[in-house]
Amino acid sequence: MENFLNAMPKAELHLHIEGTLEPELMFLLAERNGINLPYASVEQLKAAYDFGNLQDFLDLYYQGADVLQTEQDFYELTWAYIEHCRAQHVIHIEPFFDPQTHTDRGISFATVINGISRALDDAKKQFGMSSGLIMCFLRHLSEAQAFETLKQAQPHLDKIIGIGLDSSEQGHPPAKFERVFAKAKSMGLLLVAHAGEEGPAQNVIDALDMLHVDRIDHGVRASEDPQLIKRLVKEKIALTVCPLSNTRLKVFSDMSEHNILKMLDVGVKVTVNSDDPAYFGGYLTENFVALYHALDMSKEQALALCRNSFEYSFASPERKVEMV
Ligand code: ES4
Ligand code: ZN
């Protein structure tokens with residue numbers, strides 16, 4: 001079964017590129033850029049990856065991103081992720097990046113996006129891997145800062161397919177970003193938002209009704225509202241679910257408690273994704289393997305999850321036909 005899960009062609013729709021920074025590369029870049037990490041070794045750093053909740057993780061994740069300084073750093077980060085995708089038969093990817101994490105410490109928007117998108121272009125040329133880059137706003141920052149980030153993206157719109165919303169969900173509901181999402185939509189960008197990860201089902205409803213998103217990232221707490229589940233099924237709204245992330249951040253106490261297969265079986269368009277694989281213990285295959293071990297996922301269920309990823313991806317209609 002593990003071999004089957006690795007070999008089946010997959011797509012990834014919920015992946016923070018900064019969350020693919022493996023400890024070894026973090027140390028290498030720290031050394032190269034003359035940055036002091038508050039850990040003596042890779043082992044000591046890994047020992048810190050024991051999170052009580054989303055905020056515990058975010059604190060380490062933002063700190064880790066400090067080692068990313070040059071366009072080449074962003075290229076190498078992205079290329080390392082692409083190599084994992086190659087090994088796991090991931091043929092289409094829609095990575096997120098968090099420009100504000102970098103521009104707020106003096107790295108230019110162009111440095112970040114040029115490094116990432118050059119790696120994605122090379123993956124397309126060398127392996128035929130298709131991709132679409134999604135720019136996320138940090139929801140703990142202000143609406144004005146999100147508007148400023150959207151302005152910085154203007155000269156680079158050819159490299160971005162959509163925008164997203166990530167970081168701390170508690171205390172920063174979708175309503176805060178209603179106007180900036182409307183502006184992005186008017187610019188022709190696709191829309192996604194993290195909702196119903198740590199926050200309530202109402203955030204999923206508000207992401208749909210106030211932000212008009214095309215997909216929901218996480219959305220697992222939608223299952224607390226049976227009416228909402230009916231709506232997701234009826235309106236065919238896809239959820240990009242991240243099983244290892246949810247257990248590492250204690251959204252579910254154990255993988256055996258995870259609701260992804262229950263939602264799949266009632267007709268919600270759920271997909272499997274790795275979120276921040278360097279921090280949560282695995283890439284896409286490891287997420288599928290975890291569902292197999294904890295929930296006895298069948299091959300048919302695994303294939304249905306992959307089909308959802310292709311169908312609800314933002315790939316072109318021609319590319320979708322090739323993938324399914
Ligand atoms: C994230 Cl798991 C998760 N949730 C919200 N924001 C994020 N940024 C990176 N990973
Ligand atoms: Zn995420």
# chains A, B, ... in the order shown; residues from 1 in each chain; ligands from 1

call {"tool": "residues_near_ligand", "arguments": {"ligand": "ligand 2", "cutoff": "7 Å", "atoms": "only C-alpha atoms and all ligand atoms", "output": "compact mmCIF listing (two decimals) with N, CA and C atoms, in the first residue's frame"}}
result
# COMPACT_ATOMS: atom_id res chain seq x y z
N HIS A 14 -2.03 22.80 -1.04
CA HIS A 14 -1.89 23.56 0.21
C HIS A 14 -0.50 23.28 0.78
N LEU A 15 0.41 24.18 0.45
CA LEU A 15 1.82 23.98 0.79
C LEU A 15 2.47 25.35 0.93
N HIS A 16 2.97 25.64 2.12
CA HIS A 16 3.69 26.91 2.34
C HIS A 16 5.15 26.67 1.99
N ASP A 166 -3.27 33.45 5.51
CA ASP A 166 -2.78 32.47 6.48
C ASP A 166 -2.34 33.14 7.77
N HIS A 194 -7.28 30.29 4.54
CA HIS A 194 -7.32 29.35 5.66
C HIS A 194 -8.55 29.70 6.50
N ASP A 217 -8.91 26.51 2.65
CA ASP A 217 -7.74 25.80 3.16
C ASP A 217 -8.02 25.31 4.58
N ASP A 275 1.00 21.05 3.83
CA ASP A 275 1.05 22.29 4.63
C ASP A 275 2.49 22.80 4.86

call {"tool": "residues_around", "arguments": {"residues": "range 171-182 of chain A", "least_positions_apart": "5", "cutoff": "10 Å", "atoms": "only C-alpha atoms", "output": "MDAnalysis selection string"}}
result
chainID A and resid 137:148 150 163:166 187 189:195 199:200 202:213

call {"tool": "write_last_selection", "arguments": {"atoms": "N, CA and C atoms", "output": "mmCIF file, in the first residue's frame"}}
result
data_model
loop_
_atom_site.group_PDB
_atom_site.id
_atom_site.type_symbol
_atom_site.label_atom_id
_atom_site.label_comp_id
_atom_site.auth_asym_id
_atom_site.auth_seq_id
_atom_site.Cartn_x
_atom_site.Cartn_y
_atom_site.Cartn_z
ATOM 1 N N PHE A 137 -1.589 36.683 2.348
ATOM 2 C CA PHE A 137 -1.500 37.773 3.317
ATOM 3 C C PHE A 137 -1.443 37.162 4.711
ATOM 4 N N LEU A 138 -0.625 37.758 5.574
ATOM 5 C CA LEU A 138 -0.578 37.338 6.977
ATOM 6 C C LEU A 138 -1.733 38.022 7.703
ATOM 7 N N ARG A 139 -2.626 37.210 8.254
ATOM 8 C CA ARG A 139 -3.865 37.783 8.812
ATOM 9 C C ARG A 139 -3.637 38.468 10.156
ATOM 10 N N HIS A 140 -2.498 38.240 10.813
ATOM 11 C CA HIS A 140 -2.233 38.972 12.065
ATOM 12 C C HIS A 140 -1.761 40.394 11.770
ATOM 13 N N LEU A 141 -1.437 40.681 10.511
ATOM 14 C CA LEU A 141 -1.086 42.058 10.129
ATOM 15 C C LEU A 141 -2.357 42.779 9.653
ATOM 16 N N SER A 142 -2.227 44.095 9.378
ATOM 17 C CA SER A 142 -3.427 44.901 9.125
ATOM 18 C C SER A 142 -3.931 44.778 7.686
ATOM 19 N N GLU A 143 -5.160 45.261 7.491
ATOM 20 C CA GLU A 143 -5.726 45.361 6.143
ATOM 21 C C GLU A 143 -4.855 46.268 5.278
ATOM 22 N N ALA A 144 -4.389 47.385 5.858
ATOM 23 C CA ALA A 144 -3.560 48.333 5.089
ATOM 24 C C ALA A 144 -2.278 47.651 4.604
ATOM 25 N N GLN A 145 -1.694 46.820 5.450
ATOM 26 C CA GLN A 145 -0.468 46.108 5.053
ATOM 27 C C GLN A 145 -0.759 45.089 3.941
ATOM 28 N N ALA A 146 -1.945 44.497 3.972
ATOM 29 C CA ALA A 146 -2.323 43.572 2.897
ATOM 30 C C ALA A 146 -2.473 44.346 1.582
ATOM 31 N N PHE A 147 -3.108 45.513 1.635
ATOM 32 C CA PHE A 147 -3.243 46.349 0.423
ATOM 33 C C PHE A 147 -1.867 46.741 -0.119
ATOM 34 N N GLU A 148 -0.950 47.079 0.776
ATOM 35 C CA GLU A 148 0.402 47.461 0.368
ATOM 36 C C GLU A 148 1.104 46.281 -0.329
ATOM 37 N N LEU A 150 -0.401 43.803 -1.892
ATOM 38 C CA LEU A 150 -1.043 43.612 -3.204
ATOM 39 C C LEU A 150 -0.464 44.597 -4.225
ATOM 40 N N ILE A 163 -4.503 34.655 -4.549
ATOM 41 C CA ILE A 163 -4.075 35.077 -3.224
ATOM 42 C C ILE A 163 -4.756 34.229 -2.151
ATOM 43 N N GLY A 164 -4.083 34.173 -1.008
ATOM 44 C CA GLY A 164 -4.574 33.396 0.127
ATOM 45 C C GLY A 164 -4.433 34.186 1.408
ATOM 46 N N LEU A 165 -4.849 33.554 2.506
ATOM 47 C CA LEU A 165 -4.850 34.207 3.818
ATOM 48 C C LEU A 165 -4.397 33.173 4.834
ATOM 49 N N ASP A 166 -3.270 33.454 5.509
ATOM 50 C CA ASP A 166 -2.783 32.466 6.477
ATOM 51 C C ASP A 166 -2.345 33.141 7.772
ATOM 52 N N MET A 187 -8.840 42.146 -9.897
ATOM 53 C CA MET A 187 -7.602 42.091 -10.681
ATOM 54 C C MET A 187 -7.459 40.752 -11.410
ATOM 55 N N LEU A 189 -7.445 37.714 -9.923
ATOM 56 C CA LEU A 189 -6.771 36.678 -9.133
ATOM 57 C C LEU A 189 -7.788 35.713 -8.534
ATOM 58 N N LEU A 190 -7.413 34.445 -8.428
ATOM 59 C CA LEU A 190 -8.221 33.449 -7.736
ATOM 60 C C LEU A 190 -8.022 33.628 -6.233
ATOM 61 N N LEU A 191 -8.980 33.121 -5.462
ATOM 62 C CA LEU A 191 -8.967 33.388 -4.023
ATOM 63 C C LEU A 191 -9.082 32.117 -3.194
ATOM 64 N N VAL A 192 -8.223 32.024 -2.173
ATOM 65 C CA VAL A 192 -8.353 30.959 -1.166
ATOM 66 C C VAL A 192 -8.105 31.592 0.199
ATOM 67 N N ALA A 193 -8.510 30.904 1.258
ATOM 68 C CA ALA A 193 -8.223 31.401 2.616
ATOM 69 C C ALA A 193 -8.203 30.232 3.588
ATOM 70 N N HIS A 194 -7.282 30.288 4.544
ATOM 71 C CA HIS A 194 -7.319 29.351 5.659
ATOM 72 C C HIS A 194 -8.555 29.696 6.496
ATOM 73 N N ALA A 195 -9.368 28.703 6.797
ATOM 74 C CA ALA A 195 -10.558 28.925 7.632
ATOM 75 C C ALA A 195 -11.000 27.599 8.229
ATOM 76 N N GLY A 199 -10.032 28.018 13.994
ATOM 77 C CA GLY A 199 -11.224 28.848 14.175
ATOM 78 C C GLY A 199 -12.497 28.062 13.901
ATOM 79 N N PRO A 200 -13.646 28.649 14.257
ATOM 80 C CA PRO A 200 -14.932 27.964 14.169
ATOM 81 C C PRO A 200 -15.455 27.819 12.736
ATOM 82 N N GLN A 202 -17.989 29.046 11.547
ATOM 83 C CA GLN A 202 -18.447 30.347 11.034
ATOM 84 C C GLN A 202 -17.383 31.018 10.161
ATOM 85 N N ASN A 203 -16.115 30.794 10.448
ATOM 86 C CA ASN A 203 -15.067 31.383 9.613
ATOM 87 C C ASN A 203 -15.087 30.800 8.192
ATOM 88 N N VAL A 204 -15.492 29.550 8.069
ATOM 89 C CA VAL A 204 -15.619 28.946 6.734
ATOM 90 C C VAL A 204 -16.771 29.624 5.987
ATOM 91 N N ILE A 205 -17.892 29.819 6.686
ATOM 92 C CA ILE A 205 -19.044 30.494 6.087
ATOM 93 C C ILE A 205 -18.654 31.914 5.659
ATOM 94 N N ASP A 206 -17.934 32.621 6.537
ATOM 95 C CA ASP A 206 -17.549 34.001 6.223
ATOM 96 C C ASP A 206 -16.520 34.066 5.085
ATOM 97 N N ALA A 207 -15.630 33.086 5.013
ATOM 98 C CA ALA A 207 -14.667 33.058 3.902
ATOM 99 C C ALA A 207 -15.418 32.900 2.579
ATOM 100 N N LEU A 208 -16.500 32.112 2.607
ATOM 101 C CA LEU A 208 -17.294 31.924 1.380
ATOM 102 C C LEU A 208 -18.126 33.167 1.057
ATOM 103 N N ASP A 209 -18.799 33.716 2.075
ATOM 104 C CA ASP A 209 -19.778 34.782 1.817
ATOM 105 C C ASP A 209 -19.165 36.186 1.796
ATOM 106 N N MET A 210 -18.092 36.396 2.537
ATOM 107 C CA MET A 210 -17.492 37.740 2.589
ATOM 108 C C MET A 210 -16.267 37.853 1.693
ATOM 109 N N LEU A 211 -15.488 36.780 1.613
ATOM 110 C CA LEU A 211 -14.262 36.840 0.792
ATOM 111 C C LEU A 211 -14.481 36.244 -0.598
ATOM 112 N N HIS A 212 -15.545 35.447 -0.757
ATOM 113 C CA HIS A 212 -15.859 34.807 -2.051
ATOM 114 C C HIS A 212 -14.719 33.937 -2.560
ATOM 115 N N VAL A 213 -14.184 33.113 -1.660
ATOM 116 C CA VAL A 213 -13.048 32.262 -2.031
ATOM 117 C C VAL A 213 -13.471 31.128 -2.968
#

call {"tool": "closest_atom_pairs", "arguments": {"of": "chain A", "to": "ligand 1", "cutoff": "9 Å", "atoms": "only C-alpha atoms and all ligand atoms", "output": "tab-separated table"}}
result
residue	atom	partner	partner_atom_place_in_ligand_line	distance
A:Leu15	CA	ligand 1	10 (N)	8.0
A:His16	CA	ligand 1	9 (C)	5.7
A:Ile17	CA	ligand 1	9 (C)	8.7
A:Glu18	CA	ligand 1	9 (C)	7.6
A:Gly19	CA	ligand 1	9 (C)	6.4
A:Leu54	CA	ligand 1	4 (N)	6.4
A:Gln55	CA	ligand 1	5 (C)	8.7
A:Phe57	CA	ligand 1	2 (Cl)	7.9
A:Leu58	CA	ligand 1	8 (N)	6.7
A:Tyr61	CA	ligand 1	9 (C)	7.4
A:Tyr62	CA	ligand 1	9 (C)	8.8
A:Phe96	CA	ligand 1	9 (C)	8.7
A:Phe97	CA	ligand 1	9 (C)	8.9
A:Asp98	CA	ligand 1	8 (N)	8.0
A:Cys136	CA	ligand 1	8 (N)	8.8
A:Leu138	CA	ligand 1	6 (N)	7.9
A:Arg139	CA	ligand 1	6 (N)	8.6
A:Leu165	CA	ligand 1	6 (N)	7.7
A:Asp166	CA	ligand 1	6 (N)	4.0
A:Ser167	CA	ligand 1	6 (N)	3.4
A:Ser168	CA	ligand 1	5 (C)	5.9
A:Glu169	CA	ligand 1	5 (C)	6.9
A:His194	CA	ligand 1	5 (C)	6.5
A:Ala195	CA	ligand 1	5 (C)	8.8
A:Glu197	CA	ligand 1	4 (N)	7.2
A:Glu198	CA	ligand 1	4 (N)	8.4
A:Asp217	CA	ligand 1	4 (N)	8.8
A:His218	CA	ligand 1	4 (N)	8.4
A:Cys242	CA	ligand 1	2 (Cl)	8.1
A:Ser245	CA	ligand 1	2 (Cl)	6.0
A:Asn246	CA	ligand 1	2 (Cl)	7.6
A:Leu249	CA	ligand 1	2 (Cl)	7.6
A:Asp275	CA	ligand 1	2 (Cl)	5.9
A:Asp276	CA	ligand 1	10 (N)	5.8

call {"tool": "closest_residue", "arguments": {"among": "A:Gln69, A:Gln44, A:Ser274, A:Gln227", "to": "Thr247 in chain A", "atoms": "only C-alpha atoms"}}
result
A:Ser274

call {"tool": "atom_distance", "arguments": {"atom1": "CA of Gln88 in chain A", "atom2": "CA of Asn6 in chain A"}}
result
5.3 Å

call {"tool": "select_by_dssp", "arguments": {"residues": "range 114-258 of chain A", "states": "strand (DSSP E)", "output": "ChimeraX atom specification"}}
result
/A:130-131,134-138,162-166,190-195,215-218,238-241

call {"tool": "atom_distance", "arguments": {"atom1": "CA of Val289 in chain A", "atom2": "CA of Arg307 in chain A"}}
result
17.1 Å

call {"tool": "select_by_dssp", "arguments": {"residues": "range 142-279 of chain A", "states": "helix (DSSP H, G or I)", "output": "ChimeraX atom specification"}}
result
/A:143-159,174-186,201-209,220-224,226-234,243-248,255-257,260-265,277-279

call {"tool": "write_last_selection", "arguments": {"atoms": "C-alpha atoms", "output": "PDB file, in the first residue's frame"}}
result
ATOM      1  CA  GLU A 143      -5.726  45.361   6.143  1.00  0.00           C
ATOM      2  CA  ALA A 144      -3.560  48.333   5.089  1.00  0.00           C
ATOM      3  CA  GLN A 145      -0.468  46.108   5.053  1.00  0.00           C
ATOM      4  CA  ALA A 146      -2.323  43.572   2.897  1.00  0.00           C
ATOM      5  CA  PHE A 147      -3.243  46.349   0.423  1.00  0.00           C
ATOM      6  CA  GLU A 148       0.402  47.461   0.368  1.00  0.00           C
ATOM      7  CA  THR A 149       1.489  43.876  -0.386  1.00  0.00           C
ATOM      8  CA  LEU A 150      -1.043  43.612  -3.204  1.00  0.00           C
ATOM      9  CA  LYS A 151       0.443  46.818  -4.635  1.00  0.00           C
ATOM     10  CA  GLN A 152       3.943  45.353  -4.481  1.00  0.00           C
ATOM     11  CA  ALA A 153       2.672  42.322  -6.395  1.00  0.00           C
ATOM     12  CA  GLN A 154       1.375  44.446  -9.301  1.00  0.00           C
ATOM     13  CA  PRO A 155       4.540  44.205 -11.461  1.00  0.00           C
ATOM     14  CA  HIS A 156       4.613  40.418 -10.896  1.00  0.00           C
ATOM     15  CA  LEU A 157       1.013  39.417 -11.638  1.00  0.00           C
ATOM     16  CA  ASP A 158       2.199  37.148 -14.457  1.00  0.00           C
ATOM     17  CA  LYS A 159       3.844  34.943 -11.798  1.00  0.00           C
ATOM     18  CA  PRO A 174     -12.209  36.794   7.342  1.00  0.00           C
ATOM     19  CA  ALA A 175     -14.162  40.086   7.644  1.00  0.00           C
ATOM     20  CA  LYS A 176     -10.903  41.978   8.233  1.00  0.00           C
ATOM     21  CA  PHE A 177      -9.840  41.227   4.640  1.00  0.00           C
ATOM     22  CA  GLU A 178     -13.133  41.636   2.765  1.00  0.00           C
ATOM     23  CA  ARG A 179     -12.050  44.723   0.820  1.00  0.00           C
ATOM     24  CA  VAL A 180      -8.578  43.546  -0.142  1.00  0.00           C
ATOM     25  CA  PHE A 181      -9.989  40.228  -1.372  1.00  0.00           C
ATOM     26  CA  ALA A 182     -12.561  42.108  -3.464  1.00  0.00           C
ATOM     27  CA  LYS A 183      -9.752  44.173  -4.969  1.00  0.00           C
ATOM     28  CA  ALA A 184      -7.678  41.063  -5.750  1.00  0.00           C
ATOM     29  CA  LYS A 185     -10.689  39.420  -7.382  1.00  0.00           C
ATOM     30  CA  SER A 186     -11.214  42.511  -9.549  1.00  0.00           C
ATOM     31  CA  ALA A 201     -17.134  26.772  11.280  1.00  0.00           C
ATOM     32  CA  GLN A 202     -18.447  30.347  11.034  1.00  0.00           C
ATOM     33  CA  ASN A 203     -15.067  31.383   9.613  1.00  0.00           C
ATOM     34  CA  VAL A 204     -15.619  28.946   6.734  1.00  0.00           C
ATOM     35  CA  ILE A 205     -19.044  30.494   6.087  1.00  0.00           C
ATOM     36  CA  ASP A 206     -17.549  34.001   6.223  1.00  0.00           C
ATOM     37  CA  ALA A 207     -14.667  33.058   3.902  1.00  0.00           C
ATOM     38  CA  LEU A 208     -17.294  31.924   1.380  1.00  0.00           C
ATOM     39  CA  ASP A 209     -19.778  34.782   1.817  1.00  0.00           C
ATOM     40  CA  VAL A 220     -11.959  20.652   8.995  1.00  0.00           C
ATOM     41  CA  ARG A 221     -14.030  22.395  11.681  1.00  0.00           C
ATOM     42  CA  ALA A 222     -16.848  22.748   9.124  1.00  0.00           C
ATOM     43  CA  SER A 223     -17.962  19.345  10.384  1.00  0.00           C
ATOM     44  CA  GLU A 224     -19.214  21.049  13.560  1.00  0.00           C
ATOM     45  CA  PRO A 226     -24.121  19.945   9.573  1.00  0.00           C
ATOM     46  CA  GLN A 227     -25.836  22.665   7.492  1.00  0.00           C
ATOM     47  CA  LEU A 228     -22.451  23.896   6.312  1.00  0.00           C
ATOM     48  CA  ILE A 229     -21.370  20.379   5.346  1.00  0.00           C
ATOM     49  CA  LYS A 230     -24.533  20.104   3.215  1.00  0.00           C
ATOM     50  CA  ARG A 231     -23.681  23.406   1.562  1.00  0.00           C
ATOM     51  CA  LEU A 232     -20.075  22.366   0.822  1.00  0.00           C
ATOM     52  CA  VAL A 233     -21.372  19.205  -0.857  1.00  0.00           C
ATOM     53  CA  LYS A 234     -24.086  20.996  -2.820  1.00  0.00           C
ATOM     54  CA  PRO A 243      -3.711  15.571   8.093  1.00  0.00           C
ATOM     55  CA  LEU A 244      -0.193  15.590   9.621  1.00  0.00           C
ATOM     56  CA  SER A 245      -0.449  19.344  10.223  1.00  0.00           C
ATOM     57  CA  ASN A 246      -3.770  18.907  12.028  1.00  0.00           C
ATOM     58  CA  THR A 247      -2.422  16.277  14.394  1.00  0.00           C
ATOM     59  CA  ARG A 248       0.922  18.062  15.006  1.00  0.00           C
ATOM     60  CA  MET A 255      -4.956  10.712  13.439  1.00  0.00           C
ATOM     61  CA  SER A 256      -7.599   8.110  14.292  1.00  0.00           C
ATOM     62  CA  GLU A 257      -9.881  11.074  15.171  1.00  0.00           C
ATOM     63  CA  ILE A 260     -11.233  13.682   6.295  1.00  0.00           C
ATOM     64  CA  LEU A 261     -12.551  10.283   5.208  1.00  0.00           C
ATOM     65  CA  LYS A 262     -15.945  10.917   6.827  1.00  0.00           C
ATOM     66  CA  MET A 263     -16.212  14.124   4.810  1.00  0.00           C
ATOM     67  CA  LEU A 264     -15.057  12.314   1.647  1.00  0.00           C
ATOM     68  CA  ASP A 265     -17.682   9.635   2.140  1.00  0.00           C
ATOM     69  CA  PRO A 277       6.199  19.316   5.598  1.00  0.00           C
ATOM     70  CA  ALA A 278       9.593  20.193   7.114  1.00  0.00           C
ATOM     71  CA  TYR A 279       7.866  20.958  10.414  1.00  0.00           C
TER      72      TYR A 279
END

call {"tool": "residues_around", "arguments": {"residues": "Leu133 in chain A", "least_positions_apart": "4", "cutoff": "6 Å", "atoms": "only C-alpha atoms", "output": "list of chain:residue names"}}
result
A:Glu94, A:Pro95, A:Ile160, A:Ile161

call {"tool": "write_last_selection", "arguments": {"atoms": "C-alpha atoms", "output": "PDB file, in the first residue's frame"}}
result
ATOM      1  CA  GLU A  94       0.172  25.310  -6.082  1.00  0.00           C
ATOM      2  CA  PRO A  95       2.592  26.622  -3.448  1.00  0.00           C
ATOM      3  CA  ILE A 160       0.840  34.659  -9.423  1.00  0.00           C
ATOM      4  CA  ILE A 161      -2.461  32.842  -9.963  1.00  0.00           C
TER       5      ILE A 161
END

call {"tool": "closest_residue", "arguments": {"among": "A:His293, A:Asn308, A:Ala110, A:Gly115", "to": "Lys320 in chain A", "atoms": "only C-alpha atoms"}}
result
A:Asn308

call {"tool": "closest_residue", "arguments": {"among": "A:Val324, A:Val42, A:Val112, A:Val251", "to": "Phe310 in chain A", "atoms": "only C-alpha atoms"}}
result
A:Val324

call {"tool": "residues_around", "arguments": {"residues": "Arg105 in chain A", "least_positions_apart": "4", "cutoff": "12 Å", "atoms": "only C-alpha atoms", "output": "number ranges by chain"}}
result
A: 62-63, 65-69, 99-101, 109

call {"tool": "write_last_selection", "arguments": {"atoms": "N, CA and C atoms", "output": "PDB file, in the first residue's frame"}}
result
ATOM      1  N   TYR A  62       8.342  31.509  11.555  1.00  0.00           N
ATOM      2  CA  TYR A  62       8.787  32.853  11.164  1.00  0.00           C
ATOM      3  C   TYR A  62      10.261  33.046  11.501  1.00  0.00           C
ATOM      4  N   GLN A  63      10.685  32.510  12.623  1.00  0.00           N
ATOM      5  CA  GLN A  63      12.094  32.599  13.006  1.00  0.00           C
ATOM      6  C   GLN A  63      12.977  31.854  11.987  1.00  0.00           C
ATOM      7  N   ALA A  65      12.445  31.355   8.878  1.00  0.00           N
ATOM      8  CA  ALA A  65      12.467  32.039   7.578  1.00  0.00           C
ATOM      9  C   ALA A  65      13.525  33.142   7.518  1.00  0.00           C
ATOM     10  N   ASP A  66      14.041  33.561   8.679  1.00  0.00           N
ATOM     11  CA  ASP A  66      15.063  34.621   8.701  1.00  0.00           C
ATOM     12  C   ASP A  66      16.319  34.248   7.918  1.00  0.00           C
ATOM     13  N   VAL A  67      16.603  32.964   7.758  1.00  0.00           N
ATOM     14  CA  VAL A  67      17.835  32.565   7.053  1.00  0.00           C
ATOM     15  C   VAL A  67      17.717  32.777   5.546  1.00  0.00           C
ATOM     16  N   LEU A  68      16.500  33.000   5.045  1.00  0.00           N
ATOM     17  CA  LEU A  68      16.282  33.205   3.603  1.00  0.00           C
ATOM     18  C   LEU A  68      16.577  34.663   3.260  1.00  0.00           C
ATOM     19  N   GLN A  69      17.644  34.884   2.495  1.00  0.00           N
ATOM     20  CA  GLN A  69      18.082  36.259   2.241  1.00  0.00           C
ATOM     21  C   GLN A  69      18.147  36.623   0.760  1.00  0.00           C
ATOM     22  N   PRO A  99       4.905  36.861   1.363  1.00  0.00           N
ATOM     23  CA  PRO A  99       5.863  37.950   1.112  1.00  0.00           C
ATOM     24  C   PRO A  99       6.139  38.810   2.338  1.00  0.00           C
ATOM     25  N   GLN A 100       5.120  39.037   3.165  1.00  0.00           N
ATOM     26  CA  GLN A 100       5.306  39.953   4.297  1.00  0.00           C
ATOM     27  C   GLN A 100       6.339  39.453   5.316  1.00  0.00           C
ATOM     28  N   THR A 101       6.483  38.135   5.413  1.00  0.00           N
ATOM     29  CA  THR A 101       7.487  37.566   6.321  1.00  0.00           C
ATOM     30  C   THR A 101       8.885  38.039   5.917  1.00  0.00           C
ATOM     31  N   PHE A 109      10.402  42.285  -2.391  1.00  0.00           N
ATOM     32  CA  PHE A 109       9.374  41.413  -2.963  1.00  0.00           C
ATOM     33  C   PHE A 109       9.939  40.679  -4.175  1.00  0.00           C
TER      34      PHE A 109
END

call {"tool": "closest_residue", "arguments": {"among": "A:Phe127, A:Tyr312, A:Phe4, A:Tyr39", "to": "Val270 in chain A", "atoms": "only C-alpha atoms"}}
result
A:Tyr312

call {"tool": "atom_distance", "arguments": {"atom1": "CA of Gln301 in chain A", "atom2": "CA of Asp214 in chain A"}}
result
23.4 Å
